[in-house]
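For reference, upload_30.txt is printed below; it contains compact mmCIF, C-alpha atoms.
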```txt
# COMPACT_ATOMS: atom_id res chain seq x y z
CA MET A 1 94.71 100.84 98.27
CA THR A 2 98.34 101.80 98.55
CA GLY A 3 100.51 102.04 95.44
CA PRO A 4 102.27 98.63 95.80
CA THR A 5 98.98 96.89 96.69
CA LEU A 6 97.23 98.42 93.71
CA ARG A 7 100.08 97.47 91.38
CA ARG A 8 99.93 93.86 92.53
CA SER A 9 96.17 93.85 92.03
CA PHE A 10 96.49 95.04 88.43
CA ASP A 11 99.39 92.67 87.76
CA ARG A 12 97.16 89.78 88.84
CA ALA A 13 94.31 91.05 86.64
CA ALA A 14 96.40 91.39 83.46
CA GLU A 15 95.35 88.03 82.04
CA THR A 16 91.63 88.49 82.77
CA TYR A 17 91.29 92.22 82.04
CA ASP A 18 90.50 92.09 78.31
CA ALA A 19 87.79 89.45 78.73
CA ALA A 20 86.03 91.68 81.28
CA ALA A 21 86.77 95.04 79.64
CA ALA A 22 83.40 95.74 78.00
CA LEU A 23 82.96 98.91 80.06
CA PRO A 24 86.39 100.47 79.30
CA ARG A 25 85.84 99.70 75.60
CA GLU A 26 82.43 101.38 75.66
CA ILE A 27 83.80 104.45 77.46
CA THR A 28 86.64 104.63 74.91
CA ILE A 29 84.03 104.80 72.14
CA ARG A 30 82.19 107.60 73.93
CA MET A 31 85.42 109.53 74.51
CA ILE A 32 86.42 109.16 70.85
CA GLU A 33 83.03 110.57 69.85
CA ARG A 34 83.79 113.63 71.99
CA LEU A 35 87.29 113.86 70.55
CA LEU A 36 85.88 113.94 67.00
CA LEU A 37 84.30 117.29 67.85
CA VAL A 38 87.67 118.83 68.71
CA ARG A 39 90.09 120.38 66.23
CA LEU A 40 93.55 119.38 67.32
CA SER A 41 96.85 118.79 65.55
CA VAL A 42 98.39 115.70 67.15
CA LYS A 43 101.89 114.28 66.78
CA ARG A 44 102.42 112.88 70.29
CA ILE A 45 99.84 111.25 72.56
CA LEU A 46 100.25 110.15 76.16
CA ASP A 47 97.80 107.37 77.08
CA ALA A 48 97.93 107.65 80.87
CA GLY A 49 96.77 104.38 82.40
CA SER A 50 96.79 102.46 79.14
CA GLY A 51 96.04 99.08 80.71
CA THR A 52 96.38 96.39 78.05
CA GLY A 53 96.44 98.98 75.25
CA GLY A 54 92.90 98.81 73.88
CA ALA A 55 92.44 102.59 73.64
CA GLY A 56 95.68 102.91 71.66
CA LEU A 57 94.12 101.05 68.75
CA SER A 58 91.19 103.49 68.64
CA LEU A 59 93.45 106.52 68.96
CA ARG A 60 95.64 105.28 66.11
CA GLN A 61 92.63 105.06 63.82
CA LYS A 62 92.06 108.81 64.34
CA PHE A 63 95.71 109.86 64.54
CA ALA A 64 97.47 107.42 62.21
CA GLU A 65 100.79 109.28 62.19
CA ALA A 66 100.96 110.05 65.89
CA THR A 67 103.47 108.59 68.33
CA ILE A 68 101.70 107.11 71.36
CA VAL A 69 103.36 106.83 74.75
CA GLU A 70 101.36 104.08 76.50
CA LEU A 71 101.94 104.53 80.20
CA ASP A 72 100.83 102.21 82.99
CA PHE A 73 102.31 101.28 86.36
CA SER A 74 101.64 97.56 85.82
CA GLU A 75 104.35 95.89 83.77
CA LYS A 76 102.12 92.86 83.19
CA MET A 77 99.38 95.05 81.73
CA LEU A 78 101.91 96.66 79.38
CA ALA A 79 103.22 93.24 78.36
CA ARG A 80 99.79 92.37 76.95
CA HIS A 81 99.59 95.35 74.58
CA PRO A 82 98.50 94.19 71.10
CA VAL A 83 101.71 94.85 69.15
CA GLN A 84 101.01 92.44 66.29
CA PRO A 85 97.52 93.76 65.42
CA ILE A 86 98.95 97.30 65.28
CA ARG A 87 101.68 96.13 62.88
CA ARG A 88 99.17 94.43 60.61
CA TRP A 89 96.99 97.53 60.57
CA LEU A 90 99.94 99.79 59.72
CA GLY A 91 101.26 97.49 57.00
CA ILE A 92 104.13 95.03 56.68
CA GLY A 93 107.56 96.39 57.42
CA ARG A 94 106.38 99.59 59.08
CA ARG A 95 107.37 100.04 62.69
CA PRO A 96 104.48 101.03 64.98
CA ARG A 97 104.90 104.37 66.72
CA ARG A 98 104.09 103.11 70.20
CA HIS A 99 106.23 103.31 73.30
CA PRO A 100 105.09 101.35 76.38
CA VAL A 101 106.38 102.93 79.60
CA CYS A 102 105.99 101.65 83.16
CA ALA A 103 105.55 104.72 85.36
CA ASP A 104 103.23 106.61 87.67
CA PHE A 105 100.77 109.40 86.80
CA GLN A 106 102.32 111.66 89.41
CA ASN A 107 105.85 111.48 87.98
CA LEU A 108 105.54 111.36 84.21
CA PRO A 109 108.84 110.48 82.49
CA VAL A 110 108.22 112.85 79.58
CA ALA A 111 109.68 116.24 78.73
CA SER A 112 107.73 119.37 79.57
CA ALA A 113 105.57 120.77 76.77
CA SER A 114 106.19 117.67 74.62
CA ILE A 115 102.69 116.13 74.35
CA ASP A 116 99.77 117.25 72.17
CA LEU A 117 97.08 115.06 73.75
CA VAL A 118 97.01 113.50 77.22
CA TRP A 119 94.33 110.80 77.15
CA SER A 120 93.22 108.79 80.19
CA ASN A 121 90.30 106.37 80.25
CA LEU A 122 89.01 105.23 83.66
CA ALA A 123 92.43 105.47 85.26
CA LEU A 124 93.15 108.79 86.97
CA HIS A 125 90.84 108.00 89.90
CA TRP A 126 93.52 105.50 90.98
CA ALA A 127 96.07 108.29 91.46
CA GLN A 128 97.21 108.63 95.06
CA ASP A 129 97.32 112.42 94.56
CA LEU A 130 94.92 113.49 91.80
CA PRO A 131 95.84 117.22 91.85
CA LYS A 132 99.50 116.27 91.39
CA ALA A 133 98.62 113.90 88.53
CA LEU A 134 96.65 116.67 86.78
CA ALA A 135 99.54 119.09 87.31
CA GLU A 136 101.96 116.55 85.76
CA ALA A 137 99.68 116.20 82.74
CA TYR A 138 99.63 120.00 82.45
CA ARG A 139 103.43 120.12 82.57
CA SER A 140 103.75 117.53 79.81
CA LEU A 141 101.31 119.27 77.45
CA ARG A 142 102.49 121.76 74.87
CA PRO A 143 100.70 125.13 74.86
CA GLY A 144 97.44 124.51 73.01
CA GLY A 145 97.50 120.82 73.98
CA LEU A 146 94.46 118.95 75.29
CA LEU A 147 93.79 116.78 78.35
CA MET A 148 90.87 114.36 77.86
CA PHE A 149 89.89 111.87 80.54
CA SER A 150 87.20 109.79 82.17
CA VAL A 151 87.07 108.76 85.83
CA PHE A 152 84.62 107.15 88.21
CA GLY A 153 82.51 109.50 90.33
CA PRO A 154 81.32 109.27 93.96
CA ASP A 155 78.12 107.29 93.26
CA THR A 156 80.08 104.40 91.72
CA LEU A 157 79.13 101.09 93.41
CA MET A 158 76.81 102.94 95.77
CA GLU A 159 74.78 99.75 96.28
CA LEU A 160 77.84 97.82 97.45
CA ARG A 161 78.83 100.71 99.71
CA THR A 162 75.36 100.73 101.30
CA ALA A 163 75.32 96.94 101.68
CA SER A 164 78.77 97.16 103.33
CA SER A 165 77.70 99.77 105.86
CA SER A 166 79.55 97.92 108.64
CA GLY A 167 82.81 98.06 106.70
CA GLU A 168 82.80 94.50 105.35
CA PHE A 169 84.07 95.68 101.96
CA ARG A 170 86.16 98.73 101.13
CA VAL A 171 84.60 100.81 98.32
CA ASN A 172 86.80 103.64 97.06
CA GLN A 173 85.67 107.22 97.53
CA HIS A 174 85.91 109.22 94.29
CA PHE A 175 85.95 112.96 93.64
CA ASP A 176 82.86 114.86 92.53
CA MET A 177 83.11 116.33 89.03
CA HIS A 178 82.89 119.88 90.41
CA ASP A 179 85.90 119.24 92.64
CA ILE A 180 87.83 117.89 89.64
CA GLY A 181 86.86 120.98 87.66
CA ASP A 182 88.25 123.16 90.45
CA MET A 183 91.50 121.16 90.40
CA LEU A 184 91.84 121.76 86.65
CA VAL A 185 91.39 125.51 87.07
CA HIS A 186 93.89 125.58 89.95
CA CYS A 187 96.47 123.78 87.76
CA GLY A 188 96.08 126.46 85.09
CA TYR A 189 93.96 124.62 82.51
CA ALA A 190 91.68 126.72 80.32
CA ASP A 191 88.05 126.09 79.35
CA PRO A 192 87.47 122.91 81.37
CA VAL A 193 84.35 121.00 80.34
CA MET A 194 82.89 118.38 82.69
CA ASP A 195 79.89 116.12 82.31
CA MET A 196 78.64 112.94 83.91
CA GLU A 197 76.42 109.95 83.23
CA LYS A 198 75.30 106.99 85.29
CA LEU A 199 75.43 103.50 83.88
CA THR A 200 73.97 100.40 85.49
CA LEU A 201 75.35 96.89 85.18
CA THR A 202 73.22 94.00 86.44
CA TYR A 203 74.18 90.64 87.91
CA ASN A 204 72.48 87.44 89.01
CA ASP A 205 74.25 87.59 92.35
CA LEU A 206 76.88 89.45 94.36
CA GLY A 207 79.53 86.93 93.38
CA GLY A 208 79.21 87.98 89.73
CA LEU A 209 79.92 91.62 90.63
CA LEU A 210 82.92 90.72 92.77
CA ARG A 211 84.34 88.50 90.01
CA ASP A 212 84.09 91.41 87.55
CA LEU A 213 85.83 93.74 90.00
CA ARG A 214 88.61 91.20 90.50
CA ALA A 215 89.02 90.73 86.73
CA HIS A 216 89.46 94.52 86.36
CA GLY A 217 92.02 94.71 89.15
CA SER A 218 89.73 96.62 91.49
CA THR A 219 89.02 93.84 93.97
CA ALA A 220 86.86 94.86 96.92
CA VAL A 221 88.19 93.32 100.16
CA PRO A 222 87.58 93.96 103.84
CA ALA A 223 89.87 96.70 105.15
CA GLY A 224 93.05 95.26 106.62
CA VAL A 225 92.04 91.63 106.04
CA PRO A 226 94.19 89.42 103.76
CA PRO A 227 92.19 87.78 100.92
CA GLY A 228 92.60 84.30 102.41
CA LEU A 229 91.08 85.39 105.74
CA ARG A 230 87.85 87.07 104.63
CA PRO A 231 85.15 86.40 107.21
CA ARG A 232 82.37 84.34 105.66
CA SER A 233 79.80 85.92 107.97
CA GLY A 234 80.64 89.38 106.58
CA TYR A 235 80.16 88.21 103.00
CA VAL A 236 76.80 86.63 103.89
CA ARG A 237 75.70 89.83 105.62
CA VAL A 238 76.61 91.99 102.60
CA MET A 239 74.89 89.53 100.27
CA ALA A 240 71.71 89.77 102.38
CA ASN A 241 71.89 93.58 102.52
CA TYR A 242 72.36 93.81 98.74
CA GLU A 243 69.04 92.02 98.16
CA GLN A 244 67.17 95.26 98.86
CA PHE A 245 68.36 96.50 95.45
CA ARG A 246 67.23 93.50 93.41
CA GLY A 247 65.07 94.82 90.55
CA PRO A 248 61.81 93.64 88.99
CA ASP A 249 63.89 91.73 86.44
CA GLY A 250 65.34 89.64 89.26
CA ARG A 251 68.87 91.02 88.86
CA LEU A 252 71.13 93.02 91.16
CA PRO A 253 72.22 96.48 89.91
CA ALA A 254 75.67 98.05 90.19
CA THR A 255 75.69 101.79 89.52
CA LEU A 256 78.71 103.35 87.81
CA GLU A 257 79.03 107.15 87.76
CA VAL A 258 81.31 108.04 84.86
CA ILE A 259 82.74 111.57 84.74
CA TYR A 260 84.11 112.92 81.46
CA GLY A 261 86.36 115.93 81.29
CA HIS A 262 88.60 117.84 78.94
CA ALA A 263 90.61 121.03 79.26
CA TRP A 264 93.30 122.90 77.36
CA LYS A 265 96.74 124.12 78.23
CA PRO A 266 96.54 127.79 77.21
CA GLU A 267 98.62 129.17 74.38
CA SER A 268 101.34 131.57 75.47
CA ARG A 269 100.10 135.16 75.49
CA LEU A 270 102.24 138.02 74.26
CA SER A 271 102.17 141.68 75.21
CA PRO A 272 101.91 144.37 72.50
CA LYS A 273 105.73 144.46 72.62
CA GLY A 274 105.94 140.72 71.95
CA LYS A 275 106.96 139.68 75.46
CA PRO A 276 105.32 136.75 77.28
CA VAL A 277 102.48 137.67 79.64
CA ILE A 278 102.84 135.92 83.00
CA ASP A 279 99.77 135.54 85.23
CA ILE A 280 100.50 136.09 88.92
CA ARG A 281 98.10 134.30 91.28
CA PRO A 282 98.02 134.21 95.08
CA ALA A 283 99.43 131.05 96.60
CA PRO A 284 96.77 128.61 97.86
```
Mind turning this structure into structure tokens?
Amino acid sequence: MTGPTLRRSFDRAAETYDAAAALPREITIRMIERLLLVRLSVKRILDAGSGTGGAGLSLRQKFAEATIVELDFSEKMLARHPVQPIRRWLGIGRRPRRHPVCADFQNLPVASASIDLVWSNLALHWAQDLPKALAEAYRSLRPGGLLMFSVFGPDTLMELRTASSSGEFRVNQHFDMHDIGDMLVHCGYADPVMDMEKLTLTYNDLGGLLRDLRAHGSTAVPAGVPPGLRPRSGYVRVMANYEQFRGPDGRLPATLEVIYGHAWKPESRLSPKGKPVIDIRPAP
């Protein structure tokens, strides 16, 4: 999807997102568990792709005094951030340290070296230029700051991709975790750690899967065909093809490959004379 098309899709999904957000909530929990193993002093957090703000609540429980910049390119998603629950949790009369910002991953409106933790849950795979988005996160981090993220991998919705072998539905192609690791190194990050797991959701029928995708803002539609003109024959063909995956429990699976990653912005190195050490690398 192009940027404007994707923005409209997420704007439309703003009202339904929370009701269908079991997966992002579960991945947030798993990312927080990883974050608990990291020693990091945090005053400023950038939640890149904050959606309706669910992860911000979890981050505030760990970093109660931190300021959180909640960034998303859908104004309607930002408008649904849970301001009142945050205020109640912080206590009456105390202003929450949250700053919703409508912007793009690839042009972050934050000062260089101003962020301690860049957090992104199931969002960066929507970037039109992922290397540029990772480079922007690197720029925004202070030396010693941490990037922590999750994205979908290439096997996500592999059943739907197979069932749509004639191009009836567009299924996004995602980067392999090794490619993302290489991007991190190229940007200058230190000690990147990548891992992956596959999760399986099950549905009674194809319509249930497509309704979930629509509720999340990631609607699968035939390439170049407006939603009101989807060919019924194509849908029936995909539905028939998908039946090959129906399991012994009578339900249709949808595989999700979730990639987790974190990496550090290196601390500045000094020479024995106290001058900064600058690494010189060949241009790509």
Would you mind reading off the distance between CA of Gly181 (chain A) and CA of His262 (chain A), one decimal, in Å? 9.4 Å
Expected residue set, 12 Å radius at (80.1, 121.4, 80.0), all atoms listed in the file, as a ChimeraX atom specification: /A:34,177-178,181,191-196,259-263
Selected residues written out with C-alpha atoms, as a compact mmCIF listing (two decimals), in the coordinates of the input:
```txt
# COMPACT_ATOMS: atom_id res chain seq x y z
CA ARG A 34 83.79 113.63 71.99
CA MET A 177 83.11 116.33 89.03
CA HIS A 178 82.89 119.88 90.41
CA GLY A 181 86.86 120.98 87.66
CA ASP A 191 88.05 126.09 79.35
CA PRO A 192 87.47 122.91 81.37
CA VAL A 193 84.35 121.00 80.34
CA MET A 194 82.89 118.38 82.69
CA ASP A 195 79.89 116.12 82.31
CA MET A 196 78.64 112.94 83.91
CA ILE A 259 82.74 111.57 84.74
CA TYR A 260 84.11 112.92 81.46
CA GLY A 261 86.36 115.93 81.29
CA HIS A 262 88.60 117.84 78.94
CA ALA A 263 90.61 121.03 79.26
```
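Straight-line separation from CA of Lys76 (chain A) to CA of Ser9 (chain A): 10.7 Å.
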Just want the 12 Å neighbourhood of Val258 (chain A), counted on all atoms listed in the file, with same-chain residues fewer than 2 positions away dropped. Output as a VMD selection string. chain A and resid 23 to 24 26 to 28 30 to 31 121 to 123 125 149 to 157 174 to 177 194 to 200 255 to 256 260 to 261
Spatial neighbours of Leu46 (chain A), max dist 9 Å, only C-alpha atoms, sep filter under 5 positions, as a ChimeraX atom specification: /A:67-71,115-120,137,140
Straight-line distance linking CA of Ile180 (chain A) with CA of Arg139 (chain A), stated in Å to one decimal: 17.3 Å
Can you tell me, as AutoDock Vina command-line options, the centre and edge lengths (Å, one decimal) of the axis-aligned box enclosing all of region 58-69 of chain A's listed atoms after padding each side by 3 Å?
```
--center_x 97.3 --center_y 106.8 --center_z 68.5 --size_x 18.3 --size_y 12.6 --size_z 18.6
```
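The smallest atom-to-atom distance between Leu40 (chain A) and any of A:Gly145, A:Gly56, A:Pro131, A:Pro109, using only C-alpha atoms, is found for A:Gly145.
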Take the point (100.3, 102.3, 84.3) in the file's coordinates, draw a sphere of radius 12 Å around it, and report as a PyMOL selection string every protein, DNA or RNA residue with an atom inside or on it, counting all atoms listed in the file. chain A and resi 3+6-8+10-11+14+46-53+69-79+81+100-109+120-124+126-127
Would you put the residues from that selection into a file with C-alpha atoms, as a tab-separated table (two decimals), in the frame of the given file?
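Result file part.tsv:
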```tsv
chain	number	residue	atom	x	y	z
A	3	GLY	CA	100.51	102.04	95.44
A	6	LEU	CA	97.23	98.42	93.71
A	7	ARG	CA	100.08	97.47	91.38
A	8	ARG	CA	99.93	93.86	92.53
A	10	PHE	CA	96.49	95.04	88.43
A	11	ASP	CA	99.39	92.67	87.76
A	14	ALA	CA	96.40	91.39	83.46
A	46	LEU	CA	100.25	110.15	76.16
A	47	ASP	CA	97.80	107.37	77.08
A	48	ALA	CA	97.93	107.65	80.87
A	49	GLY	CA	96.77	104.38	82.40
A	50	SER	CA	96.79	102.46	79.14
A	51	GLY	CA	96.04	99.08	80.71
A	52	THR	CA	96.38	96.39	78.05
A	53	GLY	CA	96.44	98.98	75.25
A	69	VAL	CA	103.36	106.83	74.75
A	70	GLU	CA	101.36	104.08	76.50
A	71	LEU	CA	101.94	104.53	80.20
A	72	ASP	CA	100.83	102.21	82.99
A	73	PHE	CA	102.31	101.28	86.36
A	74	SER	CA	101.64	97.56	85.82
A	75	GLU	CA	104.35	95.89	83.77
A	76	LYS	CA	102.12	92.86	83.19
A	77	MET	CA	99.38	95.05	81.73
A	78	LEU	CA	101.91	96.66	79.38
A	79	ALA	CA	103.22	93.24	78.36
A	81	HIS	CA	99.59	95.35	74.58
A	100	PRO	CA	105.09	101.35	76.38
A	101	VAL	CA	106.38	102.93	79.60
A	102	CYS	CA	105.99	101.65	83.16
A	103	ALA	CA	105.55	104.72	85.36
A	104	ASP	CA	103.23	106.61	87.67
A	105	PHE	CA	100.77	109.40	86.80
A	106	GLN	CA	102.32	111.66	89.41
A	107	ASN	CA	105.85	111.48	87.98
A	108	LEU	CA	105.54	111.36	84.21
A	109	PRO	CA	108.84	110.48	82.49
A	120	SER	CA	93.22	108.79	80.19
A	121	ASN	CA	90.30	106.37	80.25
A	122	LEU	CA	89.01	105.23	83.66
A	123	ALA	CA	92.43	105.47	85.26
A	124	LEU	CA	93.15	108.79	86.97
A	126	TRP	CA	93.52	105.50	90.98
A	127	ALA	CA	96.07	108.29	91.46
```
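Non-sequential neighbours of region 251-253 of chain A (distance at most 10 Å, separation of 6 or more positions within a chain, only C-alpha atoms) are Leu157, Met158, Glu159, Leu160, Leu199, Thr200, Leu201, Thr202, Tyr203, Asn204, Asp205, Leu206, Gly208, Leu209, Tyr242, Glu243, Gln244 and Phe245 of chain A.
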Taking into account all atoms listed in the file, which residue in the set A:Ile29, A:Cys187, A:Ala215, A:Ala163 is nearest to Ala254 (chain A)?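 Selected residue with least distance to Ala254 (chain A): A:Ala163.
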Nearest to Ser165 (chain A) among A:Ala66, A:Leu141, A:Val238, A:Ala190, with distances taken over all atoms listed in the file: which residue is it?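 That would be A:Val238, the residue with the smallest distance to Ser165 (chain A).
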Counting all atoms listed in the file, which of A:Met183, A:Leu35, A:Ile45, A:Val171 gets nearest to Val110 (chain A)?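 Nearest to Val110 (chain A): A:Ile45.
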Save region 157-168 of chain A to disk from that block, all heavy atoms included, as a CSV table (one decimal), in the first residue's frame.
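The resulting file, result_13.csv, is shown below:
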```csv
chain,number,residue,atom,x,y,z
A,157,LEU,N,0.9,-14.9,7.1
A,157,LEU,CA,-0.3,-15.1,6.2
A,157,LEU,C,0.2,-15.9,5.0
A,157,LEU,O,-0.3,-15.7,3.9
A,157,LEU,CB,-0.9,-13.8,5.8
A,157,LEU,CG,-1.5,-12.9,6.9
A,157,LEU,CD1,-2.1,-11.6,6.3
A,157,LEU,CD2,-2.6,-13.6,7.7
A,158,MET,N,1.0,-16.9,5.2
A,158,MET,CA,1.5,-17.7,4.1
A,158,MET,C,0.4,-18.5,3.5
A,158,MET,O,0.4,-18.8,2.3
A,158,MET,CB,2.7,-18.6,4.5
A,158,MET,CG,2.4,-19.6,5.6
A,158,MET,SD,3.9,-20.5,6.1
A,158,MET,CE,3.2,-21.7,7.2
A,159,GLU,N,-0.6,-18.9,4.3
A,159,GLU,CA,-1.7,-19.6,3.8
A,159,GLU,C,-2.6,-18.8,2.8
A,159,GLU,O,-3.0,-19.2,1.7
A,159,GLU,CB,-2.6,-20.1,4.9
A,159,GLU,CG,-1.9,-21.1,5.9
A,159,GLU,CD,-1.3,-20.4,7.0
A,159,GLU,OE1,-1.2,-19.1,7.0
A,159,GLU,OE2,-0.7,-21.1,7.9
A,160,LEU,N,-2.8,-17.5,3.2
A,160,LEU,CA,-3.6,-16.6,2.3
A,160,LEU,C,-2.8,-16.3,1.0
A,160,LEU,O,-3.4,-16.2,0.0
A,160,LEU,CB,-3.9,-15.3,3.1
A,160,LEU,CG,-4.7,-14.3,2.3
A,160,LEU,CD1,-6.1,-14.9,1.9
A,160,LEU,CD2,-4.9,-13.0,3.1
A,161,ARG,N,-1.5,-16.2,1.2
A,161,ARG,CA,-0.6,-15.9,0.0
A,161,ARG,C,-0.7,-17.1,-1.0
A,161,ARG,O,-0.9,-16.9,-2.2
A,161,ARG,CB,0.8,-15.7,0.4
A,161,ARG,CG,1.7,-15.4,-0.8
A,161,ARG,CD,3.2,-15.1,-0.4
A,161,ARG,NE,3.3,-13.9,0.4
A,161,ARG,CZ,3.6,-13.9,1.7
A,161,ARG,NH1,3.7,-15.0,2.4
A,161,ARG,NH2,3.6,-12.7,2.3
A,162,THR,N,-0.7,-18.3,-0.4
A,162,THR,CA,-0.7,-19.5,-1.3
A,162,THR,C,-2.1,-19.6,-1.9
A,162,THR,O,-2.2,-20.0,-3.1
A,162,THR,CB,-0.4,-20.8,-0.5
A,162,THR,OG1,0.9,-20.7,0.1
A,162,THR,CG2,-0.6,-22.1,-1.3
A,163,ALA,N,-3.2,-19.4,-1.2
A,163,ALA,CA,-4.5,-19.5,-1.7
A,163,ALA,C,-4.8,-18.4,-2.7
A,163,ALA,O,-5.7,-18.6,-3.5
A,163,ALA,CB,-5.5,-19.4,-0.5
A,164,SER,N,-4.0,-17.3,-2.7
A,164,SER,CA,-4.2,-16.2,-3.6
A,164,SER,C,-3.1,-16.2,-4.7
A,164,SER,O,-2.6,-15.2,-5.1
A,164,SER,CB,-4.1,-14.9,-2.9
A,164,SER,OG,-5.1,-14.8,-1.9
A,165,SER,N,-2.7,-17.4,-5.1
A,165,SER,CA,-1.6,-17.6,-6.0
A,165,SER,C,-1.9,-16.9,-7.4
A,165,SER,O,-0.9,-16.6,-8.1
A,165,SER,CB,-1.3,-19.1,-6.3
A,165,SER,OG,-2.5,-19.7,-6.8
A,166,SER,N,-3.1,-16.6,-7.7
A,166,SER,CA,-3.4,-15.9,-9.0
A,166,SER,C,-3.5,-14.4,-8.8
A,166,SER,O,-4.0,-13.7,-9.7
A,166,SER,CB,-4.7,-16.5,-9.6
A,166,SER,OG,-4.6,-17.9,-9.9
A,167,GLY,N,-3.2,-13.9,-7.6
A,167,GLY,CA,-3.2,-12.5,-7.3
A,167,GLY,C,-4.5,-11.9,-6.9
A,167,GLY,O,-4.7,-10.7,-7.0
A,168,GLU,N,-5.4,-12.8,-6.4
A,168,GLU,CA,-6.7,-12.3,-6.0
A,168,GLU,C,-6.6,-11.3,-4.8
A,168,GLU,O,-7.3,-10.3,-4.8
A,168,GLU,CB,-7.7,-13.4,-5.6
A,168,GLU,CG,-8.0,-14.4,-6.8
A,168,GLU,CD,-7.0,-15.5,-7.0
A,168,GLU,OE1,-5.9,-15.5,-6.3
A,168,GLU,OE2,-7.3,-16.4,-7.7
```
